[in-house]
$ cat start_11.csv   # CSV, C-alpha atoms
chain,number,residue,atom,x,y,z
A,1114,MET,CA,-76.7,36.8,50.6
A,1115,ALA,CA,-76.0,34.2,53.4
A,1116,VAL,CA,-73.7,35.2,56.3
A,1117,GLU,CA,-70.9,32.8,56.9
A,1118,PRO,CA,-71.0,31.0,60.2
A,1119,ARG,CA,-68.5,32.0,62.9
A,1120,HIS,CA,-65.1,30.2,63.1
A,1121,THR,CA,-63.0,29.6,66.1
A,1122,ILE,CA,-59.3,30.0,65.6
A,1123,ALA,CA,-56.9,28.7,68.2
A,1124,PHE,CA,-53.3,29.9,68.5
A,1125,GLU,CA,-50.6,27.4,67.9
A,1126,MET,CA,-46.9,27.9,67.9
A,1127,GLN,CA,-43.8,26.7,66.1
A,1128,PRO,CA,-41.3,24.9,68.3
A,1129,GLN,CA,-38.6,27.6,67.7
A,1130,LEU,CA,-40.7,30.0,69.8
A,1131,LEU,CA,-39.9,27.9,72.8
A,1132,THR,CA,-36.3,26.9,71.9
A,1133,LYS,CA,-35.1,30.1,70.3
A,1134,GLN,CA,-37.1,33.1,71.3
A,1135,LEU,CA,-37.9,31.9,74.9
A,1136,GLY,CA,-34.6,30.0,75.2
A,1137,ALA,CA,-31.4,31.0,73.4
A,1138,ASP,CA,-32.5,34.6,72.4
A,1139,LEU,CA,-33.9,35.5,75.9
A,1140,TYR,CA,-30.8,34.3,77.7
A,1141,PRO,CA,-27.9,35.6,75.5
A,1142,SER,CA,-25.2,34.4,77.8
A,1143,PRO,CA,-24.7,30.9,79.3
A,1144,GLY,CA,-24.4,32.6,82.7
A,1145,ASP,CA,-27.9,34.2,82.3
A,1146,ALA,CA,-29.4,30.8,81.4
A,1147,LEU,CA,-27.7,29.1,84.4
A,1148,CYS,CA,-28.9,31.9,86.7
A,1149,GLN,CA,-32.5,31.3,85.5
A,1150,LEU,CA,-32.2,27.6,86.0
A,1151,ILE,CA,-30.8,28.1,89.6
A,1152,ALA,CA,-33.7,30.5,90.3
A,1153,ASN,CA,-36.1,27.7,89.2
A,1154,CYS,CA,-34.5,25.4,91.8
A,1155,LEU,CA,-34.8,28.1,94.5
A,1156,ASP,CA,-38.5,28.6,93.6
A,1157,ALA,CA,-39.0,24.9,94.1
A,1158,ASP,CA,-38.0,25.5,97.8
A,1159,SER,CA,-34.6,24.0,97.4
A,1160,SER,CA,-32.2,24.4,100.3
A,1161,ARG,CA,-29.3,23.0,98.2
A,1162,VAL,CA,-28.5,23.2,94.5
A,1163,GLU,CA,-25.6,21.2,93.1
A,1164,ILE,CA,-24.1,22.1,89.8
A,1165,THR,CA,-21.7,19.7,88.0
A,1166,VAL,CA,-19.9,20.5,84.8
A,1167,GLY,CA,-18.4,17.6,82.9
A,1168,ARG,CA,-15.3,18.3,80.8
A,1169,ASN,CA,-13.6,16.5,77.9
A,1170,GLU,CA,-9.9,15.6,77.8
A,1171,LEU,CA,-9.0,19.1,76.6
A,1172,GLY,CA,-10.9,20.7,79.6
A,1173,ALA,CA,-13.8,22.0,77.5
A,1174,PRO,CA,-17.2,21.8,79.2
A,1175,THR,CA,-19.4,19.2,77.6
A,1176,THR,CA,-22.2,18.4,80.1
A,1177,LEU,CA,-24.0,20.2,82.9
A,1178,ALA,CA,-26.2,18.8,85.7
A,1179,LEU,CA,-28.3,20.7,88.1
A,1180,VAL,CA,-29.6,18.8,91.1
A,1181,ASP,CA,-31.9,20.3,93.7
A,1182,ASP,CA,-33.5,19.1,96.9
A,1183,GLY,CA,-36.8,21.0,96.3
A,1184,CYS,CA,-40.3,19.8,96.2
A,1185,GLY,CA,-40.0,18.2,92.7
A,1186,ILE,CA,-42.5,18.5,89.9
A,1187,SER,CA,-45.6,16.3,90.4
A,1188,LEU,CA,-47.4,14.8,87.4
A,1189,ARG,CA,-50.3,17.1,88.2
A,1190,ASP,CA,-48.0,20.1,88.0
A,1191,LEU,CA,-46.6,18.8,84.7
A,1192,GLN,CA,-50.1,18.4,83.2
A,1193,GLU,CA,-51.5,21.7,84.6
A,1194,SER,CA,-48.6,24.1,84.7
A,1195,PHE,CA,-45.3,22.9,83.3
A,1196,ARG,CA,-46.7,22.2,79.9
A,1197,LEU,CA,-48.4,25.6,79.7
A,1198,VAL,CA,-46.1,28.3,78.4
A,1199,GLY,CA,-46.4,31.4,80.4
A,1200,THR,CA,-47.8,29.7,83.5
A,1201,HIS,CA,-45.6,30.0,86.6
A,1202,VAL,CA,-45.6,27.0,88.8
A,1203,GLN,CA,-46.3,28.5,92.3
A,1204,LEU,CA,-45.8,26.5,95.4
A,1205,ARG,CA,-48.8,26.3,97.7
A,1206,GLU,CA,-46.8,27.6,100.7
A,1207,PRO,CA,-43.3,28.8,99.6
A,1208,ARG,CA,-40.7,29.4,102.4
A,1209,ARG,CA,-39.1,32.3,100.6
A,1210,GLU,CA,-40.1,35.0,98.1
A,1211,THR,CA,-40.6,33.6,94.6
A,1212,ILE,CA,-38.1,34.7,92.0
A,1213,GLY,CA,-39.9,33.6,88.8
A,1214,SER,CA,-43.2,35.0,87.5
A,1215,ARG,CA,-43.4,34.6,83.7
A,1216,GLY,CA,-43.5,30.8,83.4
A,1217,ILE,CA,-40.8,30.5,80.8
A,1218,GLY,CA,-37.6,30.0,82.8
A,1219,ARG,CA,-37.5,26.3,82.0
A,1220,PHE,CA,-36.7,27.1,78.4
A,1221,ALA,CA,-33.4,28.7,79.5
A,1222,VAL,CA,-32.0,25.1,78.9
A,1223,PHE,CA,-32.1,25.8,75.2
A,1224,ALA,CA,-29.5,28.6,75.6
A,1225,LEU,CA,-27.2,25.8,76.7
A,1226,ALA,CA,-28.2,22.7,74.9
A,1227,ALA,CA,-30.5,21.3,72.2
A,1228,GLN,CA,-31.9,18.7,74.6
A,1229,SER,CA,-32.5,18.4,78.3
A,1230,ASP,CA,-33.2,15.3,80.4
A,1231,TRP,CA,-35.3,15.8,83.5
A,1232,ASP,CA,-35.7,13.5,86.5
A,1233,THR,CA,-37.9,14.5,89.4
A,1234,VAL,CA,-39.3,13.1,92.6
A,1235,ALA,CA,-42.4,14.8,94.1
A,1236,LEU,CA,-45.3,14.1,96.3
A,1237,GLU,CA,-48.4,13.3,94.4
A,1238,ASP,CA,-51.6,14.5,96.0
A,1239,GLY,CA,-49.5,15.4,99.1
A,1240,SER,CA,-48.9,11.9,100.3
A,1241,VAL,CA,-47.2,9.4,97.9
A,1242,LYS,CA,-43.8,10.0,96.3
A,1243,ALA,CA,-43.6,9.5,92.5
A,1244,ARG,CA,-40.7,9.8,90.1
A,1245,HIS,CA,-41.0,11.0,86.6
A,1246,GLN,CA,-38.5,11.4,83.8
A,1247,TRP,CA,-38.7,13.1,80.4
A,1248,THR,CA,-36.6,14.7,77.7
A,1249,VAL,CA,-37.3,18.1,76.1
A,1250,ARG,CA,-35.8,18.5,72.6
A,1251,ASP,CA,-35.3,21.5,70.4
A,1252,GLY,CA,-37.9,21.4,67.6
A,1253,SER,CA,-40.5,19.5,69.5
A,1254,LEU,CA,-43.6,20.7,71.4
A,1255,ARG,CA,-44.2,17.3,73.0
A,1256,PHE,CA,-42.4,15.2,75.6
A,1257,GLU,CA,-43.2,11.8,77.0
A,1258,VAL,CA,-43.2,11.4,80.8
A,1259,ARG,CA,-41.9,8.0,82.0
A,1260,PRO,CA,-42.9,7.0,85.6
A,1261,GLU,CA,-40.2,5.3,87.7
A,1262,PRO,CA,-40.3,3.8,91.2
A,1263,ALA,CA,-39.5,6.4,93.9
A,1264,GLU,CA,-39.1,4.3,96.9
A,1265,GLY,CA,-36.6,5.8,99.3
A,1266,LEU,CA,-35.7,8.7,97.1
A,1267,PRO,CA,-35.8,12.3,98.3
A,1268,THR,CA,-37.8,14.9,96.6
A,1269,GLY,CA,-36.1,17.2,94.1
A,1270,THR,CA,-35.3,17.6,90.4
A,1271,THR,CA,-32.3,16.9,88.3
A,1272,VAL,CA,-31.8,18.5,84.9
A,1273,ARG,CA,-28.9,17.2,82.6
A,1274,VAL,CA,-27.8,18.7,79.4
A,1275,GLY,CA,-25.1,18.0,76.8
A,1276,LEU,CA,-23.7,21.5,76.3
A,1277,LYS,CA,-23.6,23.2,72.9
A,1278,GLN,CA,-20.0,23.8,71.8
A,1279,THR,CA,-20.0,27.6,71.5
A,1280,GLU,CA,-17.5,30.1,72.5
A,1281,GLY,CA,-19.7,31.5,75.2
A,1282,ILE,CA,-20.1,28.1,76.9
A,1283,ALA,CA,-16.4,27.3,76.6
A,1284,ARG,CA,-15.6,30.5,78.5

$ encode --input "start_11.csv" --output "structure tokens"
Amino acid sequence: MAVEPRHTIAFEMQPQLLTKQLGADLYPSPGDALCQLIANCLDADSSRVEITVGRNELGAPTTLALVDDGCGISLRDLQESFRLVGTHVQLREPRRETIGSRGIGRFAVFALAAQSDWDTVALEDGSVKARHQWTVRDGSLRFEVRPEPAEGLPTGTTVRVGLKQTEGIAR
């Protein structure tokens, strides 16, 4: 009787692992999710984090924007670390102790919204600034990075979300 050849099996994941289990379920309150996103800003060596909440005519929160003046996310970091679940993006020479370690904090946005729009300016290869924009959506494991001119722009990252209309967020 012939022995079957070996087979290589690779792990794959369903999108809800990122959006639900590593997002909404891991950060049960909007405050927990916001704290995680602020920690990410601080881990990017930000000295300033600006949080803006947009409200509708009834005063209910509808949008959230986090803007930091950190080092930004280079295309290399997007390709090598950001896309890999469980890989923490570590600065080469951080100015303060790093908060994050599990490489999943970016998915905290899914506790607040079904979609997040990212805009970042970073140094590429340590010398030239580059700007990249992308959108991360619930139910998708892919995102398309759009390069933009970065002339005169400071480094940093902006994350914008249209908030879910839940009781927790309304509070």

$ atom_distance --input "start_11.csv" --atom1 "atom CA of Val1234 of chain A" --atom2 "atom CA of Gly1252 of chain A"
26.4 Å

$ atom_distance --input "start_11.csv" --atom1 "atom CA of Gly1185 of chain A" --atom2 "atom CA of Pro1143 of chain A"
24.0 Å

$ atom_distance --input "start_11.csv" --atom1 "atom CA of Leu1225 of chain A" --atom2 "atom CA of Gly1269 of chain A"
21.4 Å

$ closest_residue --input "start_11.csv" --among "A:Ala1157, A:Gln1278, A:Gly1265, A:Ser1253" --to "Gln1129 of chain A" --atoms "only C-alpha atoms"
A:Ser1253

$ closest_residue --input "start_11.csv" --among "A:Val1258, A:Leu1139, A:Val1274, A:Cys1184" --to "Gly1218 of chain A" --atoms "only C-alpha atoms"
A:Leu1139

$ closest_residue --input "start_11.csv" --among "A:Arg1273, A:Asp1145, A:Asp1251, A:Leu1191" --to "Val1166 of chain A" --atoms "only C-alpha atoms"
A:Arg1273

$ closest_residue --input "start_11.csv" --among "A:Leu1155, A:Ser1142, A:Arg1189, A:Ala1178" --to "Asp1238 of chain A" --atoms "all atoms listed in the file"
A:Arg1189

$ residues_around --input "start_11.csv" --residues "Asp1232 of chain A" --least-positions-apart "4" --cutoff "7 Å" --atoms "all atoms listed in the file" --output "ChimeraX atom specification"
/A:1245-1247,1270-1272

$ closest_residue --input "start_11.csv" --among "A:Ala1226, A:Glu1237, A:Ala1152, A:Gly1275" --to "Ala1137 of chain A" --atoms "only C-alpha atoms"
A:Ala1226

$ closest_residue --input "start_11.csv" --among "A:Ala1283, A:Leu1276, A:Val1241, A:Cys1154" --to "Ala1263 of chain A" --atoms "all atoms listed in the file"
A:Val1241

$ residues_around --input "start_11.csv" --residues "Val1222 of chain A" --least-positions-apart "2" --cutoff "8 Å" --atoms "all atoms listed in the file" --output "JSON, numbers by chain"
{"A": [1136, 1146, 1150, 1219, 1220, 1224, 1225, 1226, 1227, 1228, 1229, 1274]}

$ residues_around --input "start_11.csv" --residues "Ile1164 of chain A" --least-positions-apart "4" --cutoff "8 Å" --atoms "all atoms listed in the file" --output "JSON, numbers by chain"
{"A": [1177, 1178, 1179, 1180]}
